[in-house]
Amino acid sequence: MKKIVLLLAGAGLLYGLASAVIIGLTDGRNRRDPGARFVTENPPAPTAGVIATEYQSLGVTCRTRTWTLNHTPEQLRVWVESADFKRADQRLAGIRQQLEPEVRPPFKDKKFSAAYARASAEGHFLLVVEGGQRSCYVVIDQPFRGGLLDLFNNPAASK
């Protein structure tokens with residue numbers, strides 16, 4: 001019995017170490033060349049002038065990641081209109097609480113201006129606009145509880 005427990009503990013330790021190494025390597029690649037890694041994350045195709053310049057991982061597992069985008073207000077508007085972004089307002093309250101747990105609803109500031117969801121269970125991609133020249137593009141690889149369709153469903157329309 002002792003051998004089985006030691007074997008399981010050793011396997012768990014090896015798995016944890018391997019996961020830490022993979023997370024560290026991915027994070028290092030993202031930090032070395034944020035622009036190139038931003039493109040490989042498969043966002044809606046950035047238009048001319050929308051450039052990812054900084055990368056930051058949020059959380060131990062780096063499943064939530066954010067890129068800082070430099071742009072003019074016009075370049076950002078063209079990018080949002082050229083892709084399948086949706087308006088992001090109170091429907092993203094759950095994600096707002098994941099990113100900023102200390103902020104409580106109701107959210108009155110419209111911080112999320114647009115959202116993009118990839119058509120698979122790989123993740124949910126949010127464009128967070130902070131100002132005229134710099135925006136944050138946040139990638140969250142955790143499914144919404146109700147599935148992808150609930151992200152853009154309008155609860156008022158279902159009454």
# chains A, B, ... in the order shown; residues from 1 in each chain; ligands from 1

$ residues_around --residues "range 48-62 of chain A" --least-positions-apart "2" --cutoff "7 Å" --atoms "only C-alpha atoms" --output "list of chain:residue names"
A:Ile23, A:Asn30, A:Arg31, A:Pro34, A:Gly35, A:Phe38, A:Pro46, A:Thr64, A:Arg65, A:Thr66, A:Trp67, A:Thr68, A:Leu69, A:Asn70, A:His71, A:Gln75, A:Leu76

$ residues_around --residues "Ala93 in chain A" --least-positions-apart "5" --cutoff "9 Å" --atoms "only C-alpha atoms" --output "ChimeraX atom specification"
/A:98,105-107

$ residues_around --residues "Lys111 in chain A" --least-positions-apart "4" --cutoff "9 Å" --atoms "only C-alpha atoms" --output "ChimeraX atom specification"
/A:88-89,96,107,128-130

$ write_last_selection --atoms "N, CA, C and O atoms" --output "short mmCIF file (atom, residue, chain, number, x, y, z; two decimals), in the first residue's frame"
data_model
loop_
_atom_site.label_atom_id
_atom_site.label_comp_id
_atom_site.auth_asym_id
_atom_site.auth_seq_id
_atom_site.Cartn_x
_atom_site.Cartn_y
_atom_site.Cartn_z
N ALA A 88 -20.34 44.50 -26.07
CA ALA A 88 -20.17 43.81 -24.80
C ALA A 88 -20.56 44.75 -23.68
O ALA A 88 -19.90 45.72 -23.42
N ASP A 89 -21.67 44.46 -23.04
CA ASP A 89 -22.09 45.32 -21.95
C ASP A 89 -22.41 44.46 -20.74
O ASP A 89 -21.56 43.70 -20.29
N ARG A 96 -16.42 40.03 -16.20
CA ARG A 96 -15.90 41.19 -15.47
C ARG A 96 -15.54 40.78 -14.05
O ARG A 96 -14.51 41.18 -13.52
N PHE A 107 -22.61 47.05 -13.09
CA PHE A 107 -21.50 47.75 -13.74
C PHE A 107 -22.07 48.90 -14.56
O PHE A 107 -22.83 48.67 -15.48
N VAL A 128 -11.07 44.73 -24.41
CA VAL A 128 -11.35 45.67 -23.34
C VAL A 128 -10.73 47.00 -23.73
O VAL A 128 -9.52 47.12 -23.85
N VAL A 129 -11.54 47.99 -23.97
CA VAL A 129 -11.04 49.28 -24.40
C VAL A 129 -10.82 50.16 -23.19
O VAL A 129 -11.74 50.40 -22.41
N GLU A 130 -9.60 50.64 -23.01
CA GLU A 130 -9.27 51.46 -21.86
C GLU A 130 -9.13 52.93 -22.21
O GLU A 130 -9.21 53.77 -21.35
#

$ select_by_dssp --residues "chain A" --states "alpha helix (DSSP H)" --output "PyMOL selection string"
chain A and resi 2-32+34-40+73-82+93-99+148-152

$ atom_distance --atom1 "CA of Leu126 in chain A" --atom2 "CA of Val138 in chain A"
5.1 Å

$ atom_distance --atom1 "CA of Arg77 in chain A" --atom2 "CA of Leu99 in chain A"
23.7 Å
